[in-house]
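A short write-up of the structure that comes next.
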Amino acid sequence: MADLVTTIPALDPGDRLLCGPGPSNVHPDVLEAMRLPMNGHLDPDFWDLLLDLVAGLKALWRAPDGGLTIALSSSGNSAMEAGFLNLLDPGDKVISCHWGFFGSRLNDFAQRIGADVVELTADLGQVVSVDRIMEAVTANPDAKLVTVVHAETSTGADFPLAELAAALGASGSEAMLYADCVTSRGGQQVEAEAWGLDFAYSCSQKSLGCPPGLAPISVSPRALEAMAKRTTPAPYYYDLEELRRYWIERPITYHHTMPILQYYALYTGVKLALDEGLDARWARNADAGRYFQDQIRARGFELLADPDRQLVELTAVKVPEGIDGKAIQTRILREHGIEVGGGLGPTAPPIWRVGLMGVNANRETADRVLAAFDAVLPR
């Protein structure tokens with residue numbers, strides 16, 4: 001038998017200002033919530049908390065009555081996949097629109113479950129136009145889903161989701177709209193009911209300022225109807241009907257052991273967002289992002305995203321020729337305690353990805369990041 005340790009070092013992760021593509025720093029009130037006494041997952045007081053959390057999540061999504069709004073006990077990627085597993089049978093047609101890493105992952109998931117995929121792509125930093133998507137919808141009247149990423153954090157591109165939703169609604173198409181709102185929900189306007197989002201998903205660790213590990217979703221009434229007509233059963237853990245029975249019905253039907261403290265954290269993050277006011281929160285995120293972008297451009301840097309499609313929560317800054325982007329990232333981390341991201345995926349160009357989300361969406365944090373870049377970049 002190999003030698004086995006008798007202990008491991010004490011935990012000392014170091015203090016970081018998290019200004020990459022996520023996670024963001026956890027709000028102090030959220031951390032305090034995770035110190036509260038823990039209920040069991042079958043405690044009736046916890047069941048009451050879940051119903052209040054559903055109400056808060058519905059308000060955050062601005063979701064319709066008659067749909068389903070819960071949070072999966074797993075990461076945002078799980079929700080990305082869970083929707084397909086509940087909505088699609090093998091052979092169903094999906095119009096997959098992607099222009100970055102996360103849209104490509106959506107495309108990959110659709111391929112893996114045997115969907116008939118129609119791909120629409122755009123260069124990094126751009127998005128597929130709504131007109132082009134609608135041409136594909138017209139050419140494929142049997143399409144069941146149209147998938148898009150609202151806020152593509154691999155490139156900093158912001159997709160006009162409301163515009164696509166309006167076009168789909170006016171077209172008479174039966175295709176459902178499947179939207180990745182991992183970064184946008186809580187950081188910019190998302191209107192599940194008004195825009196007609198059929199399946200939308202997010203995460204806990206970005207604009208809400210909570211720890212990673214939970215995935216809020218919003219499912220429309222017509223998507224629930226489509227799920228009920230599928231011939232292929234969903235995997236048990238991600239079966240949304242089974243989860244509805246636990247989250248919504250009383251008495252509950254046991255599904256799984258919930259990560260209780262994570263849900264305390266999410267509850268508090270949702271409450272903070274609602275107490276701040278969504279319009280005010282969106283304005284704060286926009287102000288921080290635009291301020292950083294103006295300041296970094298004033299220093300002579302170029303941004304990857306089309307200026308007309310620039311995301312506010314995440315800015316992809318092109319690394320100038322002759323600069324070792326990874327070395328600069330490392331110096332910012334080691335010398336200033338600030339995490340910024342680099343390119344994601346094998347096709348990514350040399351970029352720095354700077355995120356200002358959640359508690360970090362303010363000009364003071366932007367100035368700290370800018371000062372770190374000023375200190376480590378050659379003059």
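Here's how to read the names in the structure tokens: chain A, B, ... by the order shown, residue numbers from 1 in each chain, ligand numbers from 1 in the order shown.
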
Practice prompt. Would you mind listing what lies within 9 Å of Leu370 in chain A as a PyMOL selection string, with only C-alpha atoms counted and same-chain residues fewer than 4 positions away left out?
Written response: chain A and resi 292+295-296+365-366+374-375

Item to complete: Enumerate the residues of range 60-261 of chain A with a DSSP assignment of helix (DSSP H, G or I), computed from the backbone, and present them as JSON, numbers by chain.
Response: {"A": [60, 61, 76, 77, 78, 79, 80, 81, 82, 83, 84, 85, 86, 87, 101, 102, 103, 104, 105, 106, 107, 108, 109, 110, 111, 112, 130, 131, 132, 133, 134, 135, 136, 137, 138, 139, 161, 162, 163, 164, 165, 166, 167, 168, 169, 170, 171, 192, 193, 194, 195, 221, 222, 223, 224, 225, 226, 227, 228, 236, 237, 238, 240, 241, 242, 243, 244, 245, 246, 247, 260, 261]}

Worksheet item: Pick the closest to Glu335 in chain A from A:Phe373, A:Leu36, A:Asp180, A:Leu11: which is it, counting only C-alpha atoms?
Response: A:Phe373

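Across the model, the gap from CA of Ala110 in chain A to CA of Phe84 in chain A is 6.8 Å.
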
Among range 149-326 of chain A, which ones does DSSP assign to strand (DSSP E or B) (computed from the backbone)? Answer as a PDB file with N, CA and C atoms, in the first residue's frame.
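Contents of selection_11.pdb, freshly written:
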```
ATOM      1  N   VAL A 149     -27.111  32.082 -26.629  1.00  0.00           N
ATOM      2  CA  VAL A 149     -26.502  32.551 -25.387  1.00  0.00           C
ATOM      3  C   VAL A 149     -26.723  34.057 -25.299  1.00  0.00           C
ATOM      4  N   ALA A 151     -25.572  36.255 -22.979  1.00  0.00           N
ATOM      5  CA  ALA A 151     -24.342  36.966 -22.623  1.00  0.00           C
ATOM      6  C   ALA A 151     -23.184  35.982 -22.738  1.00  0.00           C
ATOM      7  N   GLU A 152     -22.474  36.043 -23.854  1.00  0.00           N
ATOM      8  CA  GLU A 152     -21.402  35.074 -24.140  1.00  0.00           C
ATOM      9  C   GLU A 152     -20.100  35.555 -23.490  1.00  0.00           C
ATOM     10  N   ALA A 157     -19.718  39.194 -25.937  1.00  0.00           N
ATOM     11  CA  ALA A 157     -20.770  39.594 -26.868  1.00  0.00           C
ATOM     12  C   ALA A 157     -22.151  39.474 -26.222  1.00  0.00           C
ATOM     13  N   ASP A 158     -22.969  40.489 -26.444  1.00  0.00           N
ATOM     14  CA  ASP A 158     -24.319  40.581 -25.891  1.00  0.00           C
ATOM     15  C   ASP A 158     -25.315  40.364 -27.028  1.00  0.00           C
ATOM     16  N   MET A 176     -39.517  26.658 -29.853  1.00  0.00           N
ATOM     17  CA  MET A 176     -39.365  27.241 -28.520  1.00  0.00           C
ATOM     18  C   MET A 176     -38.000  27.909 -28.398  1.00  0.00           C
ATOM     19  N   LEU A 177     -37.944  28.956 -27.580  1.00  0.00           N
ATOM     20  CA  LEU A 177     -36.716  29.732 -27.396  1.00  0.00           C
ATOM     21  C   LEU A 177     -35.989  29.258 -26.145  1.00  0.00           C
ATOM     22  N   TYR A 178     -34.746  28.843 -26.342  1.00  0.00           N
ATOM     23  CA  TYR A 178     -33.920  28.209 -25.304  1.00  0.00           C
ATOM     24  C   TYR A 178     -32.730  29.136 -25.054  1.00  0.00           C
ATOM     25  N   ALA A 179     -32.678  29.768 -23.887  1.00  0.00           N
ATOM     26  CA  ALA A 179     -31.735  30.861 -23.670  1.00  0.00           C
ATOM     27  C   ALA A 179     -30.802  30.606 -22.488  1.00  0.00           C
ATOM     28  N   ASP A 180     -29.502  30.721 -22.762  1.00  0.00           N
ATOM     29  CA  ASP A 180     -28.475  30.722 -21.730  1.00  0.00           C
ATOM     30  C   ASP A 180     -28.403  32.125 -21.154  1.00  0.00           C
ATOM     31  N   ARG A 185     -28.665  37.027 -16.171  1.00  0.00           N
ATOM     32  CA  ARG A 185     -29.730  37.066 -15.168  1.00  0.00           C
ATOM     33  C   ARG A 185     -29.177  37.646 -13.854  1.00  0.00           C
ATOM     34  N   GLN A 188     -28.424  42.175 -15.992  1.00  0.00           N
ATOM     35  CA  GLN A 188     -29.046  43.004 -17.018  1.00  0.00           C
ATOM     36  C   GLN A 188     -30.470  42.516 -17.213  1.00  0.00           C
ATOM     37  N   PHE A 199     -37.311  28.104 -22.225  1.00  0.00           N
ATOM     38  CA  PHE A 199     -36.426  27.490 -21.237  1.00  0.00           C
ATOM     39  C   PHE A 199     -35.227  28.425 -21.086  1.00  0.00           C
ATOM     40  N   ALA A 200     -35.058  28.964 -19.884  1.00  0.00           N
ATOM     41  CA  ALA A 200     -33.939  29.857 -19.594  1.00  0.00           C
ATOM     42  C   ALA A 200     -33.260  29.366 -18.330  1.00  0.00           C
ATOM     43  N   TYR A 201     -31.953  29.469 -18.315  1.00  0.00           N
ATOM     44  CA  TYR A 201     -31.204  28.959 -17.158  1.00  0.00           C
ATOM     45  C   TYR A 201     -30.075  29.918 -16.810  1.00  0.00           C
ATOM     46  N   ALA A 215     -28.314  26.174 -10.043  1.00  0.00           N
ATOM     47  CA  ALA A 215     -28.678  26.611 -11.392  1.00  0.00           C
ATOM     48  C   ALA A 215     -30.163  26.967 -11.455  1.00  0.00           C
ATOM     49  N   PRO A 216     -30.518  28.234 -11.257  1.00  0.00           N
ATOM     50  CA  PRO A 216     -31.920  28.638 -11.391  1.00  0.00           C
ATOM     51  C   PRO A 216     -32.405  28.495 -12.839  1.00  0.00           C
ATOM     52  N   ILE A 217     -33.623  28.025 -12.992  1.00  0.00           N
ATOM     53  CA  ILE A 217     -34.213  27.869 -14.328  1.00  0.00           C
ATOM     54  C   ILE A 217     -35.609  28.466 -14.343  1.00  0.00           C
ATOM     55  N   SER A 218     -36.036  28.855 -15.548  1.00  0.00           N
ATOM     56  CA  SER A 218     -37.412  29.304 -15.774  1.00  0.00           C
ATOM     57  C   SER A 218     -37.952  28.545 -16.976  1.00  0.00           C
ATOM     58  N   VAL A 219     -39.084  27.868 -16.788  1.00  0.00           N
ATOM     59  CA  VAL A 219     -39.682  27.042 -17.837  1.00  0.00           C
ATOM     60  C   VAL A 219     -41.089  27.570 -18.100  1.00  0.00           C
ATOM     61  N   LEU A 303     -11.117  46.075 -27.820  1.00  0.00           N
ATOM     62  CA  LEU A 303     -12.004  45.047 -27.279  1.00  0.00           C
ATOM     63  C   LEU A 303     -12.384  44.080 -28.387  1.00  0.00           C
ATOM     64  N   GLN A 310     -21.451  44.907 -27.315  1.00  0.00           N
ATOM     65  CA  GLN A 310     -20.567  44.754 -26.169  1.00  0.00           C
ATOM     66  C   GLN A 310     -21.364  44.494 -24.883  1.00  0.00           C
ATOM     67  N   LEU A 314     -19.019  41.596 -18.751  1.00  0.00           N
ATOM     68  CA  LEU A 314     -17.744  40.973 -19.115  1.00  0.00           C
ATOM     69  C   LEU A 314     -17.139  41.696 -20.305  1.00  0.00           C
ATOM     70  N   THR A 315     -15.877  42.057 -20.170  1.00  0.00           N
ATOM     71  CA  THR A 315     -15.163  42.754 -21.236  1.00  0.00           C
ATOM     72  C   THR A 315     -13.985  41.902 -21.680  1.00  0.00           C
ATOM     73  N   ALA A 316     -13.934  41.549 -22.962  1.00  0.00           N
ATOM     74  CA  ALA A 316     -12.809  40.800 -23.524  1.00  0.00           C
ATOM     75  C   ALA A 316     -11.850  41.805 -24.163  1.00  0.00           C
ATOM     76  N   VAL A 317     -10.675  41.952 -23.549  1.00  0.00           N
ATOM     77  CA  VAL A 317      -9.675  42.922 -23.985  1.00  0.00           C
ATOM     78  C   VAL A 317      -8.616  42.189 -24.802  1.00  0.00           C
ATOM     79  N   LYS A 318      -8.348  42.662 -26.004  1.00  0.00           N
ATOM     80  CA  LYS A 318      -7.325  42.030 -26.839  1.00  0.00           C
ATOM     81  C   LYS A 318      -5.936  42.267 -26.246  1.00  0.00           C
TER      82      LYS A 318
END
```

Discussion item. I want to know what sits within 10 Å of Gly83 in chain A, based on only C-alpha atoms, with residues of the same chain fewer than 2 positions away left out; could you give that as a PyMOL selection string?
Written reply: chain A and resi 78-81+85-88+178+198-201+217+219+223+227+234+238-240

Practice prompt. Between A:Ala139, A:Ala265, A:Ala166, A:Leu333, single out the one closest to Val376 in chain A, counting only C-alpha atoms.
Written response: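 Closest residue, counting only C-alpha atoms: A:Leu333.
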
Item to complete: Considering only C-alpha atoms, state which residue in the set A:Ser104, A:Ser184, A:Gln205, A:Gln126 is at the smallest distance from Gly22 in chain A.
Response: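 Of A:Ser104, A:Ser184, A:Gln205, A:Gln126, the one nearest Gly22 in chain A is A:Gln205, counting only C-alpha atoms.
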
If you count only C-alpha atoms, which residues fall within 7 Å of range 153-156 of chain A, apart from same-chain ones fewer than 4 positions away, as a CSV table (one decimal) with N, CA and C atoms, in the first residue's frame?
```
chain,number,residue,atom,x,y,z
A,21,PRO,N,-14.4,35.9,-15.5
A,21,PRO,CA,-15.7,35.6,-16.1
A,21,PRO,C,-16.6,35.0,-15.1
A,100,GLY,N,-19.3,31.5,-29.7
A,100,GLY,CA,-18.3,31.5,-28.6
A,100,GLY,C,-18.4,30.1,-27.9
A,101,PHE,N,-17.6,30.0,-26.9
A,101,PHE,CA,-17.4,28.7,-26.2
A,101,PHE,C,-18.7,28.1,-25.7
A,124,LEU,N,-15.9,35.1,-33.6
A,124,LEU,CA,-15.8,35.5,-32.2
A,124,LEU,C,-15.9,37.0,-32.1
A,125,GLY,N,-16.7,37.4,-31.1
A,125,GLY,CA,-16.9,38.8,-30.9
A,125,GLY,C,-18.1,39.4,-31.6
A,304,LEU,N,-12.6,42.8,-28.0
A,304,LEU,CA,-12.9,41.8,-29.0
A,304,LEU,C,-14.3,41.9,-29.6
A,305,ALA,N,-15.3,42.2,-28.7
A,305,ALA,CA,-16.7,42.2,-29.1
A,305,ALA,C,-17.0,43.4,-30.1
A,310,GLN,N,-21.5,44.9,-27.3
A,310,GLN,CA,-20.6,44.8,-26.2
A,310,GLN,C,-21.4,44.5,-24.9
A,311,LEU,N,-21.0,43.4,-24.2
A,311,LEU,CA,-21.6,43.0,-23.0
A,311,LEU,C,-21.2,44.0,-21.9
A,314,LEU,N,-19.0,41.6,-18.8
A,314,LEU,CA,-17.7,41.0,-19.1
A,314,LEU,C,-17.1,41.7,-20.3
A,315,THR,N,-15.9,42.1,-20.2
A,315,THR,CA,-15.2,42.8,-21.2
A,315,THR,C,-14.0,41.9,-21.7
A,316,ALA,N,-13.9,41.5,-23.0
A,316,ALA,CA,-12.8,40.8,-23.5
A,316,ALA,C,-11.9,41.8,-24.2
A,343,GLY,N,-8.3,33.7,-22.5
A,343,GLY,CA,-9.2,33.1,-23.5
A,343,GLY,C,-9.6,31.7,-23.1
A,344,LEU,N,-10.8,31.3,-23.6
A,344,LEU,CA,-11.4,30.0,-23.2
A,344,LEU,C,-11.7,29.2,-24.5
```

Discussion item. Which residues are near Asp92 in chain A? Cut-off 9 Å, only C-alpha atoms, ignore same chain within fewer than 3 positions. Put them as a PyMOL selection string.
Written reply: chain A and resi 88-89+114-117+142-145

I'd like the contact shell of Arg250 in chain A - 10 Å cut-off, only C-alpha atoms, skipping same-chain residues fewer than 2 positions apart - returned as a JSON list (two decimals) with N, CA and C atoms, in the first residue's frame.
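Output saved as result_13.json:
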```json
[["chain", "number", "residue", "atom", "x", "y", "z"],
["A", 44, "PRO", "N", -40.07, 20.70, 7.48],
["A", 44, "PRO", "CA", -41.15, 21.52, 6.90],
["A", 44, "PRO", "C", -40.82, 23.01, 6.86],
["A", 47, "TRP", "N", -39.09, 23.49, 3.67],
["A", 47, "TRP", "CA", -40.05, 23.47, 2.56],
["A", 47, "TRP", "C", -40.68, 24.86, 2.38],
["A", 48, "ASP", "N", -40.98, 25.53, 3.50],
["A", 48, "ASP", "CA", -41.52, 26.89, 3.40],
["A", 48, "ASP", "C", -40.51, 27.83, 2.76],
["A", 245, "ARG", "N", -42.41, 18.16, -8.01],
["A", 245, "ARG", "CA", -43.14, 17.54, -6.90],
["A", 245, "ARG", "C", -42.45, 17.83, -5.56],
["A", 246, "TYR", "N", -41.12, 17.91, -5.59],
["A", 246, "TYR", "CA", -40.40, 18.22, -4.34],
["A", 246, "TYR", "C", -40.50, 19.71, -4.02],
["A", 247, "TRP", "N", -40.26, 20.56, -5.00],
["A", 247, "TRP", "CA", -40.21, 21.99, -4.77],
["A", 247, "TRP", "C", -41.58, 22.60, -4.50],
["A", 248, "ILE", "N", -42.60, 22.15, -5.22],
["A", 248, "ILE", "CA", -43.87, 22.87, -5.25],
["A", 248, "ILE", "C", -44.99, 22.15, -4.50],
["A", 252, "ILE", "N", -44.42, 17.09, 0.17],
["A", 252, "ILE", "CA", -43.43, 16.90, -0.89],
["A", 252, "ILE", "C", -43.27, 15.43, -1.26],
["A", 253, "THR", "N", -42.70, 15.22, -2.42],
["A", 253, "THR", "CA", -42.22, 13.91, -2.83],
["A", 253, "THR", "C", -40.70, 13.97, -2.81]]
```

Practice prompt. Figure out the distance between CA of Leu106 in chain A and CA of Gly186 in chain A, please, to one decimal in Å.
Written response: 21.3 Å

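Straight-line separation from CA of Ala361 in chain A to CA of Ala71 in chain A: 23.7 Å.
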
Discussion item. Give me, as a VMD selection string, all polymer residues having an atom no more than 12 Å from His336 in chain A, counting only C-alpha atoms and skipping those fewer than 5 positions away in the same chain.
Written reply: chain A and resid 14 to 19 328 to 331 368 to 376

With C-alpha atoms retained, could you export that selection as a short mmCIF file (atom, residue, chain, number, x, y, z; two decimals), in the first residue's frame?
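Generated output (again_32.cif):
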```
data_model
loop_
_atom_site.label_atom_id
_atom_site.label_comp_id
_atom_site.auth_asym_id
_atom_site.auth_seq_id
_atom_site.Cartn_x
_atom_site.Cartn_y
_atom_site.Cartn_z
CA GLY A 14 -5.75 33.47 0.03
CA ASP A 15 -7.78 36.62 -0.49
CA ARG A 16 -8.80 37.33 -4.09
CA LEU A 17 -10.73 40.01 -5.89
CA LEU A 18 -12.54 37.88 -8.46
CA CYS A 19 -12.83 39.95 -11.64
CA ILE A 328 0.29 39.54 -17.18
CA GLN A 329 -2.64 37.59 -15.71
CA THR A 330 -0.28 35.82 -13.34
CA ARG A 331 1.35 39.06 -12.19
CA ARG A 368 -8.59 48.58 -8.82
CA VAL A 369 -8.42 46.37 -11.89
CA LEU A 370 -7.28 49.25 -14.08
CA ALA A 371 -4.58 50.18 -11.57
CA ALA A 372 -3.32 46.59 -11.58
CA PHE A 373 -3.06 46.59 -15.38
CA ASP A 374 -1.26 49.94 -15.26
CA ALA A 375 1.23 48.59 -12.73
CA VAL A 376 2.19 45.38 -14.55
#
```

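Restricting the calculation to only C-alpha atoms, the smallest distance between Gly322 in chain A and any of A:Tyr254, A:Pro378, A:Ala298, A:Pro9 is found for A:Pro378.
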
Item to complete: Using only C-alpha atoms, pick whichever of A:Pro349, A:Gly56, A:Gly300, A:Pro23 has the shortest atom-to-atom distance to Arg379 in chain A.
Response: A:Gly300

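Considering the residues A:Gly187, A:Pro233, A:Gly209, A:Pro307 and counting only C-alpha atoms, Gln293 in chain A has its shortest atom-to-atom contact with A:Pro307.
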